[in-house]
Amino acid sequence: MLIMAAPAELGMDQLPSDPLLHILSYLDYRDLVRCSSVSRRLNDLCRHNLLWKRLCCKHWLLTDSDRQPGGPSWFSIFRQRYADLGRYITHYGVMRRAWEQLKSFLRQRCPRMIASLKEGATEEELNEIEAQIGCRLPDDYRCSYRIHNGQKLVIPGLMGSMSLSNHYRSEVLLDVETAAGGFQHRTGMRQCLPLTFCFHTGLSQYMALEPVEGRREFESFYPCPDQTAQDPSAIDMFITGSCFLDWFTTYVHNVVNGEFPIIREQIFRYVHDKSCVATTDDITVSVATSFLPELSSIHPPHFFFTYRIRIEMSRSASPDAACQLDSRYWKITTSDGNVEEVQGPGVVGEFPIMTPGKVHEYASCTTFSTPSEYMEGHYTFHKLYNKEEVFQVKIPRFHMVCPPFREPPLRTRRQQKMSASHFKDDDDFYEGDNFGDLGGINMAAL
């Protein structure tokens with residue numbers, strides 16, 4: 001009877017290097033460090049240059065050009081970076097990539113802004129700011145400011161502009177020292193750090209460093225004073241982000257993906273829904289909208305929007321298609337079901353003539369007492385060669401929605417108490433307030 005000998009067990013030292021390195025390539029830096037303490041063989045393999053090159057690329061966005069021939073190993077480079085930036089390792093790759101994408105875009109479209117960016121702050125400088133304001137800065141904010149310490153106090157601002165008639169806004173991304181100077185201790189805005197500032201309006205976006213006065217920790221917002229309260233510390237909030245990383249990377253995504261138009265080397269924060277386009281024969285109409293928090297309020301409900309309309313005649317249109325705009329018609333529907341119809345001559349006082357290839361753009365505005373609404377309508381044109389030939393061009397439906405907003409908890413509790421009292425004692429309780437002219441749509445600006 002033939003007896004087969006049991007195969008000898010292979011030890012770690014007998015296993016070939018290539019399959020082991022392949023397995024190790026799936027590990028993150030923490031697991032590689034742990035594996036390196038298992039045996040001398042794994043210790044040697046876990047220091048392999050290709051493993052740490054991958055991790056340097058993943059976490060620090062380094063490439064071959066960042067390592068000089070004959071210079072430190074990728075393992076040493078990773079250790080050096082980790083010693084300096086290790087606390088930000090979960091944020092650094094995302095934040096650095098966002099900054100690089102933004103700068104690449106600015107070089108091509110808004111080169112003046114590149115010169116306004118400041119070099120990154122040091123770890124010691126950020127620690128000093130924390131000691132100065134007495135609050136901890138979130139790691140995603142610190143990570144971004146290690147890359148670039150905001151921008152110089154110049155116009156245009158990095159965080160977007162808006163221009164309408166005699167109103168102009170341009171928000172600068174504040175450096176951390178200037179932001180610390182505007183750190184809030186007053187009731188209603190306690191423990192809030194400004195992120196942006198506009199010279200023309202005084203508007204700032206803030207970040208809540210602590211969860212107080214109804215705010216969530218690290219969320220960003222525009223403060224909005226309650227104009228119906230006698231207490232000046234009653235501050236409502238238009239929410240713009242759940243944390244600094246969300247706030248900044250969402251903005252960068254919109255910029256680099258062409259969501260915001262670039263006008264005179266400035267980023268204008270009009271939002272364009274790609275489905276908001278309508279073509280009638282040779283004329284295409286598209287619309288972009290923007291909410292203006294500095295001209296809006298929650299109490300009383302007054303929500304200010306601006307919209308930018310682009311009218312374009314196809315280059316392939318016949319010269320006989322040349323026409324002139326005579327009038328506009330709007331149908332406006334608010335979220336409470338109120339419908340208004342408006343018509344009038346021209347657009348913002350103009351009667352543009354459209355010829356093949358011509359583009360006409362204009363901006364207008366409107367206010368509502370509800371936080372969301374939509375508009376649609378048409379333009380009436382006549383042909384230049386025959387004024388009796390009149391036709392309509394569709395304006396696509398476009399929605400205007402203000403950001404999420406929140407009231408301070410004191411007002412919420414007061415409203416709940418008042419509501420309970422009214423339902424108990426007043427048979428004629430009316431759910432809602434009489435805001436006079438603000439109760440409907442302000443059509444004056446259309």
# chains A, B, ... in the order shown; residues from 1 in each chain; ligands from 1

$ residues_around --residues "region 266-273 of chain A" --least-positions-apart "2" --cutoff "9 Å" --atoms "only C-alpha atoms" --output "PyMOL selection string"
chain A and resi 109-110+113+156-163+170+254-255+259-264+275-277+286-291+306-308+398-399

$ select_by_dssp --residues "region 328-370 of chain A" --states "strand (DSSP E or B)" --output "JSON, numbers by chain"
{"A": [328, 329, 330, 331, 332, 333, 334, 339, 340, 341, 342, 343, 344, 345, 347, 350, 353, 354, 359, 360, 361, 362, 363, 364, 365, 366, 367, 368]}

$ atom_distance --atom1 "CA of Cys224 (chain A)" --atom2 "CA of Val401 (chain A)"
16.7 Å

$ closest_residue --among "A:Phe368, A:Gly258, A:Asp281, A:Ile235" --to "Phe405 (chain A)" --atoms "only C-alpha atoms"
A:Ile235

$ closest_residue --among "A:Asp236, A:Glu388, A:Glu217, A:Asp282" --to "Met354 (chain A)" --atoms "only C-alpha atoms"
A:Asp282

$ closest_residue --among "A:Gly93, A:Gly134, A:Pro293, A:Gly349" --to "Trp60 (chain A)" --atoms "only C-alpha atoms"
A:Gly93

$ residues_around --residues "Lys383 (chain A)" --least-positions-apart "2" --cutoff "9 Å" --atoms "only C-alpha atoms" --output "compact mmCIF listing (two decimals) with all heavy atoms, in the first residue's frame"
# COMPACT_ATOMS: atom_id res chain seq x y z
N ASP A 320 -34.08 86.28 -43.05
CA ASP A 320 -35.48 86.69 -42.98
C ASP A 320 -36.09 86.44 -41.60
O ASP A 320 -37.18 86.95 -41.30
CB ASP A 320 -36.31 85.94 -44.03
CG ASP A 320 -35.95 86.37 -45.45
OD1 ASP A 320 -35.35 87.47 -45.60
OD2 ASP A 320 -36.25 85.62 -46.38
N ALA A 321 -35.38 85.65 -40.76
CA ALA A 321 -35.90 85.36 -39.43
C ALA A 321 -35.66 86.50 -38.45
O ALA A 321 -36.14 86.45 -37.30
CB ALA A 321 -35.27 84.08 -38.89
N ALA A 322 -34.91 87.52 -38.84
CA ALA A 322 -34.62 88.65 -37.96
C ALA A 322 -35.92 89.22 -37.38
O ALA A 322 -36.92 89.37 -38.09
CB ALA A 322 -33.85 89.73 -38.71
N CYS A 323 -35.89 89.53 -36.07
CA CYS A 323 -37.11 89.94 -35.40
C CYS A 323 -36.79 90.85 -34.22
O CYS A 323 -35.63 90.99 -33.83
CB CYS A 323 -37.92 88.72 -34.94
SG CYS A 323 -36.95 87.60 -33.88
N GLN A 324 -37.82 91.45 -33.65
CA GLN A 324 -37.64 92.32 -32.50
C GLN A 324 -38.63 91.95 -31.42
O GLN A 324 -39.80 91.68 -31.69
CB GLN A 324 -37.82 93.79 -32.90
CG GLN A 324 -37.56 94.76 -31.74
CD GLN A 324 -37.55 96.20 -32.18
OE1 GLN A 324 -38.08 96.55 -33.23
NE2 GLN A 324 -36.93 97.08 -31.38
N PHE A 381 -42.72 88.54 -30.33
CA PHE A 381 -41.82 89.17 -31.32
C PHE A 381 -42.60 89.53 -32.57
O PHE A 381 -43.67 88.96 -32.85
CB PHE A 381 -40.71 88.19 -31.74
CG PHE A 381 -39.62 88.00 -30.72
CD1 PHE A 381 -39.78 87.12 -29.65
CD2 PHE A 381 -38.41 88.69 -30.84
CE1 PHE A 381 -38.76 86.93 -28.74
CE2 PHE A 381 -37.39 88.50 -29.93
CZ PHE A 381 -37.57 87.62 -28.88
N TYR A 385 -38.92 92.21 -41.34
CA TYR A 385 -39.31 92.45 -42.73
C TYR A 385 -40.82 92.59 -42.89
O TYR A 385 -41.31 93.06 -43.92
CB TYR A 385 -38.80 91.32 -43.64
CG TYR A 385 -39.54 90.03 -43.51
CD1 TYR A 385 -40.66 89.76 -44.31
CD2 TYR A 385 -39.13 89.04 -42.62
CE1 TYR A 385 -41.35 88.57 -44.20
CE2 TYR A 385 -39.80 87.85 -42.50
CZ TYR A 385 -40.91 87.61 -43.29
OH TYR A 385 -41.59 86.44 -43.18
N ASN A 386 -41.58 92.17 -41.85
CA ASN A 386 -43.03 92.27 -41.90
C ASN A 386 -43.55 92.44 -40.47
O ASN A 386 -43.74 91.47 -39.75
CB ASN A 386 -43.64 91.03 -42.56
CG ASN A 386 -45.16 91.11 -42.64
OD1 ASN A 386 -45.75 92.16 -42.33
ND2 ASN A 386 -45.79 90.02 -43.04
N LYS A 387 -43.78 93.67 -40.07
CA LYS A 387 -44.17 93.94 -38.69
C LYS A 387 -45.52 93.34 -38.33
O LYS A 387 -45.85 93.19 -37.15
CB LYS A 387 -44.19 95.44 -38.43
CG LYS A 387 -42.81 96.08 -38.47
CD LYS A 387 -42.87 97.54 -38.07
CE LYS A 387 -41.46 98.15 -38.05
NZ LYS A 387 -41.48 99.58 -37.63
N GLU A 388 -46.29 93.00 -39.34
CA GLU A 388 -47.59 92.39 -39.07
C GLU A 388 -47.47 90.93 -38.67
O GLU A 388 -48.41 90.36 -38.11
CB GLU A 388 -48.49 92.52 -40.32
CG GLU A 388 -48.72 93.94 -40.77
CD GLU A 388 -49.38 94.77 -39.69
OE1 GLU A 388 -50.28 94.24 -39.02
OE2 GLU A 388 -48.99 95.94 -39.51
N GLU A 389 -46.30 90.34 -38.96
CA GLU A 389 -46.10 88.93 -38.62
C GLU A 389 -45.59 88.83 -37.19
O GLU A 389 -44.43 89.12 -36.88
CB GLU A 389 -45.13 88.26 -39.58
CG GLU A 389 -45.01 86.75 -39.34
CD GLU A 389 -44.15 86.06 -40.39
OE1 GLU A 389 -43.87 86.68 -41.43
OE2 GLU A 389 -43.77 84.90 -40.15
N VAL A 390 -46.46 88.43 -36.29
CA VAL A 390 -46.18 88.38 -34.85
C VAL A 390 -46.17 86.92 -34.40
O VAL A 390 -47.00 86.11 -34.85
CB VAL A 390 -47.23 89.19 -34.06
CG1 VAL A 390 -46.99 89.05 -32.55
CG2 VAL A 390 -47.17 90.66 -34.46
N PHE A 391 -45.27 86.60 -33.51
CA PHE A 391 -45.20 85.22 -33.00
C PHE A 391 -44.70 85.22 -31.56
O PHE A 391 -44.12 86.21 -31.08
CB PHE A 391 -44.30 84.35 -33.88
CG PHE A 391 -42.85 84.78 -33.91
CD1 PHE A 391 -41.91 84.15 -33.12
CD2 PHE A 391 -42.45 85.83 -34.74
CE1 PHE A 391 -40.58 84.55 -33.15
CE2 PHE A 391 -41.12 86.23 -34.78
CZ PHE A 391 -40.18 85.60 -33.98

$ closest_residue --among "A:Tyr379, A:Tyr26, A:Phe305, A:Tyr168" --to "His200 (chain A)" --atoms "only C-alpha atoms"
A:Tyr168

$ closest_residue --among "A:His91, A:Arg190, A:Arg96, A:Arg112" --to "Asp140 (chain A)" --atoms "only C-alpha atoms"
A:His91

$ closest_atom_pairs --of "region 9-39 of chain A" --to "region 70-87 of chain A" --cutoff "12 Å" --atoms "only C-alpha atoms" --output "Markdown table"
| residue | atom | partner | partner_atom | distance |
| --- | --- | --- | --- | --- |
| A:Tyr29 | CA | A:Phe78 | CA | 9.4 |
| A:Arg30 | CA | A:Tyr82 | CA | 11.7 |
| A:Leu32 | CA | A:Phe75 | CA | 11.1 |
| A:Val33 | CA | A:Phe75 | CA | 10.9 |

$ select_by_dssp --residues "region 310-420 of chain A" --states "alpha helix (DSSP H)" --output "ChimeraX atom specification"
/A:409-420

$ atom_distance --atom1 "CA of Gln205 (chain A)" --atom2 "CA of Pro371 (chain A)"
19.6 Å

$ atom_distance --atom1 "CA of Arg169 (chain A)" --atom2 "CA of Asp246 (chain A)"
22.5 Å

$ residues_around --residues "region 207-216 of chain A" --least-positions-apart "4" --cutoff "10 Å" --atoms "only C-alpha atoms" --output "ChimeraX atom specification"
/A:135-138,141,183-184,187-196,220-222,234-237,239-244,247,406-410,412

$ residues_around --residues "Phe304 (chain A)" --least-positions-apart "2" --cutoff "10 Å" --atoms "only C-alpha atoms" --output "short mmCIF file (atom, residue, chain, number, x, y, z; two decimals) with N, CA, C and O atoms, in the first residue's frame"
data_model
loop_
_atom_site.label_atom_id
_atom_site.label_comp_id
_atom_site.auth_asym_id
_atom_site.auth_seq_id
_atom_site.Cartn_x
_atom_site.Cartn_y
_atom_site.Cartn_z
N SER A 290 -30.80 83.00 -8.93
CA SER A 290 -29.97 83.14 -7.74
C SER A 290 -30.81 83.73 -6.60
O SER A 290 -31.66 84.60 -6.83
N PHE A 291 -30.54 83.26 -5.40
CA PHE A 291 -31.19 83.78 -4.20
C PHE A 291 -30.26 84.78 -3.54
O PHE A 291 -29.05 84.53 -3.42
N LEU A 292 -30.79 85.94 -3.13
CA LEU A 292 -29.98 86.97 -2.49
C LEU A 292 -30.33 87.07 -1.01
O LEU A 292 -31.33 87.71 -0.64
N PRO A 293 -29.54 86.44 -0.15
CA PRO A 293 -29.87 86.44 1.29
C PRO A 293 -29.79 87.82 1.91
O PRO A 293 -30.52 88.12 2.85
N GLU A 294 -28.90 88.68 1.38
CA GLU A 294 -28.73 90.00 1.98
C GLU A 294 -29.94 90.90 1.77
O GLU A 294 -30.08 91.93 2.46
N LEU A 295 -30.82 90.55 0.84
CA LEU A 295 -32.02 91.33 0.58
C LEU A 295 -33.28 90.57 1.01
O LEU A 295 -34.39 90.99 0.67
N SER A 296 -33.09 89.48 1.73
CA SER A 296 -34.22 88.63 2.13
C SER A 296 -34.36 88.60 3.65
O SER A 296 -33.45 88.98 4.38
N SER A 297 -35.51 88.15 4.09
CA SER A 297 -35.73 87.94 5.52
C SER A 297 -36.71 86.79 5.71
O SER A 297 -37.52 86.49 4.83
N PRO A 301 -41.65 87.23 6.10
CA PRO A 301 -41.25 86.40 4.96
C PRO A 301 -41.09 87.23 3.69
O PRO A 301 -42.07 87.69 3.10
N HIS A 302 -39.84 87.42 3.30
CA HIS A 302 -39.53 88.27 2.14
C HIS A 302 -38.32 87.65 1.47
O HIS A 302 -37.19 87.80 1.94
N THR A 306 -33.06 86.79 -8.04
CA THR A 306 -32.73 87.40 -9.32
C THR A 306 -32.62 86.28 -10.35
O THR A 306 -32.29 85.14 -10.02
N CYS A 365 -35.33 90.77 -11.38
CA CYS A 365 -35.49 90.26 -10.02
C CYS A 365 -36.95 90.26 -9.62
O CYS A 365 -37.81 90.87 -10.28
N THR A 366 -37.23 89.56 -8.53
CA THR A 366 -38.58 89.53 -7.98
C THR A 366 -38.49 89.12 -6.52
O THR A 366 -37.49 88.56 -6.08
N THR A 367 -39.54 89.42 -5.76
CA THR A 367 -39.60 88.99 -4.36
C THR A 367 -40.90 88.23 -4.13
O THR A 367 -41.91 88.47 -4.81
N PHE A 368 -40.85 87.31 -3.17
CA PHE A 368 -42.01 86.50 -2.83
C PHE A 368 -42.14 86.42 -1.31
O PHE A 368 -41.17 86.62 -0.58
N SER A 369 -43.33 86.09 -0.87
CA SER A 369 -43.54 85.85 0.56
C SER A 369 -43.53 84.37 0.89
O SER A 369 -43.79 83.97 2.02
N PRO A 371 -41.11 80.65 0.33
CA PRO A 371 -39.71 80.30 0.06
C PRO A 371 -39.45 79.60 -1.26
O PRO A 371 -38.29 79.39 -1.63
N MET A 400 -37.48 78.84 -8.34
CA MET A 400 -36.66 79.64 -7.42
C MET A 400 -36.95 79.15 -6.01
O MET A 400 -38.09 79.23 -5.54
N CYS A 402 -35.39 79.12 -2.00
CA CYS A 402 -34.39 79.67 -1.09
C CYS A 402 -33.71 78.53 -0.34
O CYS A 402 -34.24 77.43 -0.26
N ASN A 442 -44.50 90.82 -4.98
CA ASN A 442 -44.10 92.17 -5.37
C ASN A 442 -43.72 92.15 -6.84
O ASN A 442 -42.68 91.64 -7.22
#

$ residues_around --residues "Thr370 (chain A)" --least-positions-apart "4" --cutoff "7 Å" --atoms "only C-alpha atoms" --output "list in words"
Pro301, Phe303, Thr334 and Ser335 of chain A

$ decode --residues "region 173-221 of chain A" --atoms "C-alpha atoms" --output "short mmCIF file (atom, residue, chain, number, x, y, z; two decimals), in the first residue's frame"
data_model
loop_
_atom_site.label_atom_id
_atom_site.label_comp_id
_atom_site.auth_asym_id
_atom_site.auth_seq_id
_atom_site.Cartn_x
_atom_site.Cartn_y
_atom_site.Cartn_z
CA LEU A 173 -12.74 84.00 1.43
CA LEU A 174 -11.29 85.42 4.65
CA ASP A 175 -7.83 84.49 5.87
CA VAL A 176 -7.88 82.94 9.33
CA GLU A 177 -6.41 85.98 11.09
CA THR A 178 -9.10 88.31 9.71
CA ALA A 179 -11.77 85.72 10.46
CA ALA A 180 -10.59 85.49 14.07
CA GLY A 181 -10.96 89.28 14.35
CA GLY A 182 -14.63 88.89 13.42
CA PHE A 183 -15.30 85.95 15.77
CA GLN A 184 -18.65 86.51 17.46
CA HIS A 185 -19.33 86.53 21.22
CA ARG A 186 -22.61 88.48 21.17
CA THR A 187 -25.91 86.85 21.98
CA GLY A 188 -27.58 85.46 18.86
CA MET A 189 -24.27 84.78 17.11
CA ARG A 190 -22.17 83.26 19.88
CA GLN A 191 -19.21 81.07 18.86
CA CYS A 192 -19.57 81.87 15.15
CA LEU A 193 -16.56 82.41 12.87
CA PRO A 194 -16.94 84.41 9.63
CA LEU A 195 -15.94 82.53 6.48
CA THR A 196 -16.55 85.25 3.89
CA PHE A 197 -17.01 89.00 3.73
CA CYS A 198 -18.43 91.45 1.20
CA PHE A 199 -17.13 95.03 1.31
CA HIS A 200 -20.20 96.46 -0.43
CA THR A 201 -22.98 94.88 1.65
CA GLY A 202 -21.21 93.86 4.87
CA LEU A 203 -22.56 90.35 4.24
CA SER A 204 -20.71 87.36 5.70
CA GLN A 205 -21.23 83.64 5.79
CA TYR A 206 -20.46 82.15 9.19
CA MET A 207 -19.52 78.76 10.58
CA ALA A 208 -20.90 77.66 13.95
CA LEU A 209 -18.00 76.37 16.06
CA GLU A 210 -20.29 75.10 18.81
CA PRO A 211 -23.89 73.78 18.83
CA VAL A 212 -25.50 76.74 20.61
CA GLU A 213 -28.53 78.99 19.99
CA GLY A 214 -30.18 76.45 17.69
CA ARG A 215 -27.20 75.99 15.36
CA ARG A 216 -25.56 72.68 14.53
CA GLU A 217 -21.86 72.34 15.08
CA PHE A 218 -19.73 73.39 12.08
CA GLU A 219 -22.65 74.20 9.76
CA SER A 220 -22.32 77.33 7.61
CA PHE A 221 -25.02 79.95 7.21
#
